[in-house]
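Participant: Please find one structure pasted underneath; my questions will follow.
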Amino acid sequence: MNYDFDTVYDRRNTNSVKYKKHPRYPSRSDLIPLWVADMDFKTAPEILQAIESVVAHGIFGYTEPDDAYFRSIMLWYKKRFGVNLEQEWLVPCDSVMSGIATAIRAFTKKKDAVLIFQPVYYPFSNVIVQNERRVIVSELASDGIKYTIDFNDFESKIIRHRVKALLFCSPHNPVGRVWDEEELIHVADICAKHGVMIISDEIHADLVFKRHVPFTAVAGNASVNIVILTSFTKTFNLAGIQGAHFIIPDPELRAELKKVLCAQFSGGLNTVSVAAATAAYQHGEEWLTALLAYLKENIYYVVNSFQNTKIKAFLPEGTYLMWLDCRALGLSDDELEAFFVEDCGVWLNSGCIFGNGGSGFMRMNIACPRATLEKAVDRILRKIE
C-alpha cells in the first residue's frame, strides 16, 4: 500500500499543542512549529478504521484490555525485537510520564536520589523534583559525532549520592542514540552492583534506524531491578488518545507497582485506546516501515542542508528529533531562541531545557511533510548564510 506523508494538513484551531501560539512570542502567527514531539501525519488507515468502528458503536463505557490487546503486544515484541514477553508482565497505564511518576513513587522514597543522563527529555527532572526526590545528573559525553555514557562518572555519582534509581531514556531523546547492547549491559551491571532500580522510558523503541534492544533482553540477573515503560502512541501518532504499558518481569516489583497505581486511582486505557493499540500492533507494521523510510529521507535532507554552515546536525540513530549544534552562531540561549523565532519564523525546542550539555543546541522535529521541512530549513539558511 502507498501511504501519504506529503499532504500538508491544517492543524490550527484544533486545540493542537504543537500549533498553539508561542508563549514568548504570541504575536507571531506565521511560525513553522517543529518543536513538540508529535507528527504532522495521519495515523495508519487500519487504526483509523478501528477507531471509527468504536465511534460508530456509540457507547463509551468502562473498558479494559482483552487478550487480543495483550497478544498483539507480545507478538510485536517477538517479531520486532526477538523478545518473548509474558502476558502478566504487561501492566497498562494512561501515559509513559504518569507511569514514570508512579514508578518513582513505588520504588523510591522522598529525598532519595534519582539519576538521569543529560541532556535528556526535560520532564524527567521535573517528575523527580515534583515527587520530592533529588535529581542527580551524569552528563553524556560527545565526540561531536555521537553521544556516549561516561561510565566512570555514572558509577561515581551512584556511590557518592547513594542513588536509588536510574531514569533511563532508550532510545535517547534529544540526542538520538539507540544504545548498543554492550552499553545496556554495562548500565545494568553497574545498577545491579549498587542496588539501583532502572526505570527505562522506551517510548521511541519503534522509531529507530538500527536495532533497538529492550532493557529486559540484556539484564540477566539484574532484570529484577528493571521496569520498562513504552507506548503505541508515539509510534503511530496517537498522543492525543493516550495509553501506555509497563513491562515488569519480576512479580514482586509488579505487585508493588500495582499497589501504587491503585492507591492513586490511576486509570489505564479507554475504549478508543484499546481499539487503537490493538489495531496498531496487529496491522500497523507496513505503515511504520513506510514512515521510517520517509523520516530517514527527511533526516538526511536536514543533515545535508546544514553541511558547511554554522549549524551542525547530529545524525540520529532513532526518534524523529534532530539535535542541532548551534554554538558556532555565538548566541546565548535566549538569543538563540529569539533568532529562530523572530528572524527565521521557526519554532524549535531550546537545547538548554534538556539540562547539562544542552546550552547552544536546538531540537528539531522533522516528522512533517517534506514541503514543510524545506520551507523551515530555507528560512534558517537564509539567515545564517
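The chains in the C-alpha cells are called A, B, ... from first to last as shown; in each chain the residues are counted from 1, and the ligands are counted from 1 in the order shown.
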Which polymer residues have any atom within 9 Å of an atom of Phe215 (chain A), counting only C-alpha atoms, with same-chain residues fewer than 3 positions away left out, as a ChimeraX atom specification?
Facilitator: /A:170,181,184-185,188,200,202,218-219,223,226-228
Participant: Can you pull out every residue from region 30-249 of chain A that DSSP, working from the backbone, puts in strand (DSSP E), and format the result as number ranges by chain?
Facilitator: A: 32-33, 90-93, 113-118, 134-139, 141-142, 147-148, 163-169, 197-201, 226-230, 244-247
Participant: Give me the residues within 8 Å of region 128-132 of chain A as a ChimeraX atom specification, counting only C-alpha atoms and dropping any in the same chain fewer than 5 places off.
Facilitator: /A:101,104-105,110-111,114
Participant: Between A:Val135, A:Val178, A:Ile384, A:Ile190, which has the minimum distance to Glu155 (chain A) (counting only C-alpha atoms)?
Facilitator: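 Residue with the minimum atom-to-atom distance to Glu155 (chain A): A:Ile190.
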Participant: With the cut-off set at 9 Å and counting only C-alpha atoms, tabulate each residue of region 3-60 of chain A with an atom at most that distance from an atom of region 271-287 of chain A, showing the nearest atom pair and its distance in Å to one decimal, ordered by chain and increasing number, as a Markdown table.
Facilitator:
| residue | atom | partner | partner_atom | distance |
| --- | --- | --- | --- | --- |
| A:Tyr3 | CA | A:Trp287 | CA | 7.0 |
| A:Thr43 | CA | A:Trp287 | CA | 8.4 |
| A:Ala44 | CA | A:Trp287 | CA | 5.9 |
| A:Pro45 | CA | A:Trp287 | CA | 8.5 |
| A:Glu46 | CA | A:Ala279 | CA | 6.4 |
| A:Ile47 | CA | A:Ala279 | CA | 5.3 |
| A:Leu48 | CA | A:Ala276 | CA | 7.7 |
| A:Gln49 | CA | A:Ala279 | CA | 8.7 |
| A:Ala50 | CA | A:Ala275 | CA | 5.9 |
| A:Ile51 | CA | A:Val272 | CA | 6.1 |
| A:Ser53 | CA | A:Ala275 | CA | 8.9 |
| A:Val54 | CA | A:Val272 | CA | 6.6 |
| A:Val55 | CA | A:Val272 | CA | 8.1 |
| A:Ile59 | CA | A:Thr271 | CA | 8.9 |
| A:Phe60 | CA | A:Thr271 | CA | 6.1 |
Participant: Take the residues just selected and output them with C-alpha atoms as a short mmCIF file (atom, residue, chain, number, x, y, z; two decimals), in the first residue's frame.
Facilitator:
data_model
loop_
_atom_site.label_atom_id
_atom_site.label_comp_id
_atom_site.auth_asym_id
_atom_site.auth_seq_id
_atom_site.Cartn_x
_atom_site.Cartn_y
_atom_site.Cartn_z
CA TYR A 3 0.95 5.85 2.25
CA THR A 43 -2.07 7.57 11.52
CA ALA A 44 -2.30 4.20 9.77
CA PRO A 45 -5.65 3.58 7.99
CA GLU A 46 -6.22 0.33 9.89
CA ILE A 47 -6.06 2.27 13.15
CA LEU A 48 -8.49 4.87 11.83
CA GLN A 49 -10.88 2.09 10.85
CA ALA A 50 -10.70 0.59 14.34
CA ILE A 51 -11.40 3.97 15.94
CA SER A 53 -15.80 1.32 14.45
CA VAL A 54 -15.73 2.21 18.15
CA VAL A 55 -17.24 5.63 17.45
CA ILE A 59 -21.23 3.59 23.65
CA PHE A 60 -18.11 4.52 25.59
#
Participant: With only C-alpha atoms as the atoms that count, which of A:Tyr294, A:Phe354, A:Phe81, A:Trp35 lies nearest to Ala217 (chain A)?
Facilitator: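 Using only C-alpha atoms, the shortest distance to Ala217 (chain A) belongs to A:Phe81.
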Participant: Please provide the set of residues having any atom within 9 Å of Asp180 (chain A), restricted to only C-alpha atoms, with same-chain residues fewer than 5 positions apart removed, written as a list in words.
Facilitator: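 Near Asp180 (chain A), the qualifying residues are Ile185, Arg211, His212 and Val213 of chain A.
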Participant: Using only C-alpha atoms for the distances, tell me which of A:Ile353, A:Leu257, A:Leu321, A:Leu207 is nearest to Cys368 (chain A).
Facilitator: A:Leu321
Participant: Can you tell me, as a list in words, what residues are no more than 10 Å from Val163 (chain A) when counting only C-alpha atoms, ignoring any on the same chain fewer than 4 positions away?
Facilitator: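 With the cut-off at 10 Å, the set is Thr108, Asp112, Ala113, Val114, Leu115, Arg134, Val135, Ile136, Glu155, Lys157, Ile158, Ile159, Cys191, His194, Gly195, Val196 and Met197 of chain A.
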